[in-house]
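As structure tokens, the structure follows; a few thoughts come after it.
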Amino acid sequence: MMQLANRMSHLGTETAFEVLARANKLAAEGRSIINLGIGQPDFKTPDHIVEAAVKALHDGQHGYTPANGIPELREAVAADIEAYRGVRIDSDQVVVQPGGKPTMFFACMMFGEPGAEIMYPNPGFPIYESAIRFSGATPVPIRLYEENGFSFSADEVLAGITKRTRLIILNSPANPTGGVTQKAELDKLVAGLEAHPDIAVMSDEIYSRMVYDNQPHVSLLGYESIRDRLILLDGWSKTYAMTGWRLGYAVWPGELAAHATRLAVNDHSCVNAATQWAGIAALTGPQDEADAMVKAFDGRRQVILDELNTIPGFRCPRPGGAFYAFPNIEGTGQGAQALQERLLEEVGVAVVAGTSFGALGEGYLRFSYAASTESITEAIARIRVLLGND
Ligand SMILES: Cc1ncc(COP(=O)(O)O)c(C=O)c1O
């Protein structure tokens with residue numbers, strides 16, 4: 001019998017991938033499946049980005065690159081941050097990664113160990129809790145409140161800090177709730193954190209370009225008082241419909257960029273070279289397709305919001321960002337996991353139970369509205385029929 005390291009039993013997963021596999025299996029068997037489960041744009045990567053990668057391959061960009069990313073790409077990231085966040089950073093603080101995910105894993109590896117505590121949003125992206133547990137640290141949930149647009153309470157976060165707290169993870173716009181944290185709450189949290197200069201903050205802003213209702217994206221990078229301990233995570237996956245390319249970045253403060261680079265050397269050496277050239281084209285080329293995608297999501301947001309609120313037992317607050325709706329389903333009398341399974345098996349609608357995003361997600365389902373309006377309308381009609389016949 002092989003003996004696995006104990007830490008393997010602490011690693012969680014992202015259930016959305018399991019739902020996707022099951023949905024694909026049912027579809028292969030001939031079932032009509034509507035997939036509102038997986039969180040990725042249903043658009044293709046814009047052509048000029050694809051062409052940049054093809055050109056890079058033809059030009060012979062076939063070798064290893066610097067582990068932290070090619071300088072041209074890191075410069076492009078720095079320029080993009082100045083344009084969209086109004087903050088000038090040094091491109092040496094940028095570390096390019098195969099996606100947004102490795103940054104959260106690296107941050108947890110850097111700060112987590114037995115005895116340490118890491119705070120994270122719950123319900124939240126499941127990899128936070130998974131990576132924290134894997135590191136040996138204790139995950140301390142930050143509760144999000146439906147009645148407050150799924151914002152956290154800064155007072156509660158500050159009250160939850162202990163001598164063991166090493167890192168606080170935040171995410172806005174958020175997965176799975178679509179929530180956008182209000183600036184007043186961030187102001188309050190940052191002011192409170194000034195009394196805790198040893199605690200690092202990782203701000204996952206992967207949905208930074210998907211904020212609706214004419215709201216600006218408020219980046220934690222904008223707060224100077226915590227900039228020397230802020231890890232900013234963003235990337236290309238969502239903004240440019242590039243989930244399968246595996247490209248993301250983080251801006252790491254001070255010495256942390258060198259640590260992240262060393263982790264990258266140990267883990268994957270560097271990101272695929274042609275993909276990095278595609279990343280430059282994405283940031284420096286025309287933004288009209290990326291903007292059009294956001295506009296399309298905004299239109300669908302209204303459709304899904306109206307439709308979800310017609311289902312008996314469902315109550316859906318207005319999501320301010322990303323491409324997720326997170327209705328409260330307590331009124332149906334069914335648990336989130338049970339309802340997720342029924343929707344897929346009985347009416348072919350793939351969604352993800354709120355409990356896949358942490359224990360505090362009970363009573364909710366996540367709908368990804370990165371799907372056509374027709375699919376959304378049809379999915380909701382199927383759910384209405386199912387629950388109406390109960
Ligand atoms: C909040 C959040 N952060 C990060 C990621 C990871 O993105 P990537 O595919 O670039 O690793 C996701 C993807 O779903 C996400 O929802």
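Chain labels run A, B, ... following the order of the structure tokens; each chain numbers its residues from 1, and ligands are numbered from 1 in the order shown.
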>> Hey, which residues sit close to ligand 1? Say within 6 Å, counting only C-alpha atoms and all ligand atoms, and write them as an MDAnalysis selection string.
In response: chainID A and resid 39 99:101 125 174:175 204 206 235 237 243 248
> Phe150 (chain A): which residues within 7 Å, counting only C-alpha atoms, same-chain residues fewer than 6 positions away excluded, as a list of chain:residue names?
Replying inline: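 With the cut-off at 7 Å, the set is A:Leu144, A:Thr177, A:Gly179.
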Within 10 Å of Gly285 (chain A), counting only C-alpha atoms, which residues show up once you throw out same-chain ones fewer than 4 positions away? Write them as an mmCIF file with N, CA, C and O atoms, in the first residue's frame, please.
```
data_model
loop_
_atom_site.group_PDB
_atom_site.id
_atom_site.type_symbol
_atom_site.label_atom_id
_atom_site.label_comp_id
_atom_site.auth_asym_id
_atom_site.auth_seq_id
_atom_site.Cartn_x
_atom_site.Cartn_y
_atom_site.Cartn_z
ATOM 1 N N HIS A 48 -7.291 38.954 -33.018
ATOM 2 C CA HIS A 48 -5.953 39.553 -33.034
ATOM 3 C C HIS A 48 -5.053 38.968 -31.943
ATOM 4 O O HIS A 48 -3.827 38.959 -32.077
ATOM 5 N N ILE A 49 -5.678 38.438 -30.904
ATOM 6 C CA ILE A 49 -4.896 37.807 -29.826
ATOM 7 C C ILE A 49 -4.395 36.432 -30.293
ATOM 8 O O ILE A 49 -3.224 36.084 -30.122
ATOM 9 N N GLY A 279 -0.780 37.496 -24.735
ATOM 10 C CA GLY A 279 -1.153 38.351 -23.603
ATOM 11 C C GLY A 279 -0.812 39.812 -23.854
ATOM 12 O O GLY A 279 -1.563 40.714 -23.461
ATOM 13 N N ILE A 280 0.317 40.043 -24.530
ATOM 14 C CA ILE A 280 0.680 41.425 -24.874
ATOM 15 C C ILE A 280 -0.348 42.001 -25.852
ATOM 16 O O ILE A 280 -0.823 43.128 -25.684
ATOM 17 N N ALA A 281 -0.698 41.198 -26.867
ATOM 18 C CA ALA A 281 -1.679 41.675 -27.857
ATOM 19 C C ALA A 281 -3.009 41.998 -27.170
ATOM 20 O O ALA A 281 -3.680 42.977 -27.515
#
```
> Which neighbours of region 180-189 of chain A fall inside 9 Å, counting only C-alpha atoms, when residues of the same chain fewer than 3 positions from it are skipped, and could you give them as JSON, numbers by chain?
Replying inline: {"A": [148, 149, 150, 151, 152, 153, 154, 155, 157, 158, 171, 172, 173, 174, 177, 192, 193, 194, 211, 217, 218, 220, 223, 319, 320, 321, 322]}
>> Please determine, counting only C-alpha atoms, which residue among A:Ala56, A:Val95, A:Met2, A:Val351 has the shortest atom-to-atom distance to Pro71 (chain A).
In response: A:Val95
> DSSP on the backbone: what in region 130-314 of chain A comes out strand (DSSP E or B), as a ChimeraX atom specification?
Replying inline: /A:138-143,145,151,165-171,200-204,211,230-235,248-251
> Quick one: of A:Arg85, A:Asn122, A:Val294, A:Leu305, who's nearest to Pro216 (chain A), counting only C-alpha atoms?
Replying inline: A:Arg85
>> Which residues are near Ala370 (chain A)? Cut-off 8 Å, only C-alpha atoms, ignore same chain within fewer than 5 positions. Put them as a count of residues only.
In response: 8
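Across A:Met293, A:Leu167, A:Val265, A:Ala67, the tightest approach to Tyr369 (chain A) is made by A:Met293 when counting only C-alpha atoms.
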Output as a Markdown table one row per residue of region 31-86 of chain A within 10 Å of region 374-378 of chain A: the closest atom pair and its distance in Å to one decimal place, counting only C-alpha atoms, sorted by chain and residue number ascending.
```
| residue | atom | partner | partner_atom | distance |
| --- | --- | --- | --- | --- |
| A:Ile33 | CA | A:Ser375 | CA | 9.6 |
| A:Ile34 | CA | A:Ser375 | CA | 6.4 |
| A:Asn35 | CA | A:Ser375 | CA | 8.2 |
| A:Leu36 | CA | A:Ile376 | CA | 7.8 |
```
>> Applying 10 Å and only C-alpha atoms, which residues near Glu129 (chain A) remain after dropping the ones on its own chain fewer than 6 positions away? List them as number ranges by chain.
In response: A: 10-13, 108, 118-122, 135, 137-141, 357-358
> Hey, which of A:Ile311, A:Leu386, A:Ile168, A:Ala79 ends up closest to Glu345 (chain A)? Count only C-alpha atoms.
Replying inline: A:Leu386
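The space between CA of Ala292 (chain A) and CA of Ala52 (chain A) spans 20.5 Å.
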>> I want to know what sits within 7 Å of Phe326 (chain A), based on only C-alpha atoms, with residues of the same chain fewer than 2 positions away left out; could you give that as a count of residues only?
In response: 9
